[in-house]
Amino acid sequence: MLGDSIRQARIASGMSQEQLAERLGVSRQSISLWETNQTRPTAENIISIAKILGVSTDDLLLDENRIWSKSSYKETEEPDSEQKEKNPIQKKYIAIIFVFAALILLSGIGIGLLMGRDRNKDDISPTHTQSETIRDKESTNKENEAKSEADKDINESEENDRYTNGQPSDNNYNASTVSSTQGKEKATEKQTSKKDSTTEKQTTKKESATEKTTKTTTTAKKELTADEVAEIINNATSKTIDDSVVYSLTRTCELTEEPSFSSKDTLDKIVNGVSSGKTTNDVVEEILNTGTCTESVLSGKEPSNPTYALMASKIKGDDITSFEVNGNSYTLYLRNSSNPVRTYNVPLSRMTNCFITKEEINNYVSKSTVSVNDYSSENTNIKVTAKINGKRLNELEISYNTVSTMNIKVAIVPIKGQVNYSTSIRYYDFLF
């Protein structure tokens with residue numbers, strides 16, 4: 001059975017069910033069901049199993065055929081053993097058989113001459129000749145009904161001798177010999193047909209398995225378009241959100257350069273006056289929430305910062321500049337995104353809500369004398385890596401770099417600033 005083949009190959013490779021399940025991206029229960037033949041893996045999984053365990057797909061799929069083939073072989077061989085046991089030759093009648101065979105031959109020739117049958121055998125088909133000969137022999141049998149029982153025994157022995165030794169019949173033989181020979185020919189044809197049928201079924205099954213493997217390999221190697229990849233990611237995130245899953249997230253934000261502001265000394269003094277001991281850099285890091293934070297999000301709940309929550313993406317094929325597909329893992333790069341807002345206006349905002357907007361900065365400084373008059377951001381190197389199991393996410397990571405520029409007003413002092421930073425957010429440990 002296929003399940004037994006998988007189990008033996010797994011044990012031989014020294015791999016546990018959990019390890020094999022992890023490599024395939026399935027549950028351990030699925031491996032157990034396959035190995036106990038309660039369910040059957042897909043063709044794609046069969047190829048992956050063979051590759052992981054270091055065997056060929058034929059080693060897994062054709063094991064069933066070998067067992068079945070042995071059974072079929074025995075079935076077709078039995079008639080041979082029975083045939084060997086049938087009708088042993090009685091050697092003591094051999095001489096008598098030859099004598100009466102000659103008599104029957106001469107009798108047939110004489111009857112043919114008397115009836116004036118001068119046939120050209122080269123012009124008559126085998127089927128027609130056989131039919132005419134049978135009628136002649138039936139006529140002969142009627143004329144010889146008065147013969148003794150010994151003659152009948154000799155005729156039966158002649159019939160057995162001809163069949164057992166594979167000798168061809170004369171053109172002149174009795175109807176009982178024809179019937180017996182035809183019966184034996186049918187038995188031989190049936191036996192040959194059965195063997196041919198067994199071989200044909202086995203060949204067809206092997207060809208079917210090979211064809212299925214070939215089709216699966218062709219499908220696995222199919223080149224996806226950007227639109228198809230976008231649809232796969234969108235469906236997976238949407239399905240995961242709809243299932244109200246529990247998951248974990250880790251967000252990291254770091255400054256890539258020292259923030260630069262005109263009149264920074266003046267700005268530092270103002271910041272220190274409002275919040276004793278703080279600098280402008282401290283405020284920037286608070287707004288960006290730099291560093292790393294990790295938390296678990298319960299079903300139907302939001303993380304501490306709602307913008308960090310997993311969202312159902314709406315990316316388009318045109319958003320993708322390049323992508324790589326490796327099994328169930330997808331890595332794609334999105335176009336640069338300027339001034340994202342949470343209305344799916346640019347590629348970044350169609351993938352995540354985890355970014356800073358002008359409104360959020362103003363909300364942070366609303367209780368001070370600082371206001372943001374103008375703000376813009378350019379987001380580059382946007383990379384998305386998604387691992388998908390079935391139609392749902394197994395893991396998702398988004399990373400990008402940001403250059404933000406702003407014109408702020410502190411009391412009556414206008415100040416220009418620029419902040420460069422990187423952000424990444426990862427979603428994992430999904431519980432469906």
# chains A, B, ... in the order shown; residues from 1 in each chain; ligands from 1
$ residues_around --residues "Ser32 in chain A" --least-positions-apart "6" --cutoff "10 Å" --atoms "only C-alpha atoms" --output "list in words"
Gly3, Arg7, Gln17, Glu18, Ala21, Gln38 and Thr39 of chain A
$ residues_around --residues "Ala12 in chain A" --least-positions-apart "4" --cutoff "12 Å" --atoms "only C-alpha atoms" --output "MDAnalysis selection string"
chainID A and resid 5:8 16 52:55
$ residues_around --residues "Val229 in chain A" --least-positions-apart "4" --cutoff "8 Å" --atoms "only C-alpha atoms" --output "VMD selection string"
chain A and resid 224 to 225 233 317 330
$ residues_around --residues "Asp374 in chain A" --least-positions-apart "3" --cutoff "12 Å" --atoms "only C-alpha atoms" --output "list in words"
Asn339, Thr357, Lys358, Glu359, Ile361, Asn362, Ser371, Ser377, Ser404, Thr405, Met406, Asn407, Ile408, Lys409, Pro414, Ile415, Lys416, Gly417 and Gln418 of chain A
$ atom_distance --atom1 "CA of Ile270 in chain A" --atom2 "CA of Val410 in chain A"
7.9 Å
$ select_by_dssp --residues "range 231-314 of chain A" --states "helix (DSSP H, G or I)" --output "ChimeraX atom specification"
/A:231-242,264-274,280-288,306-308
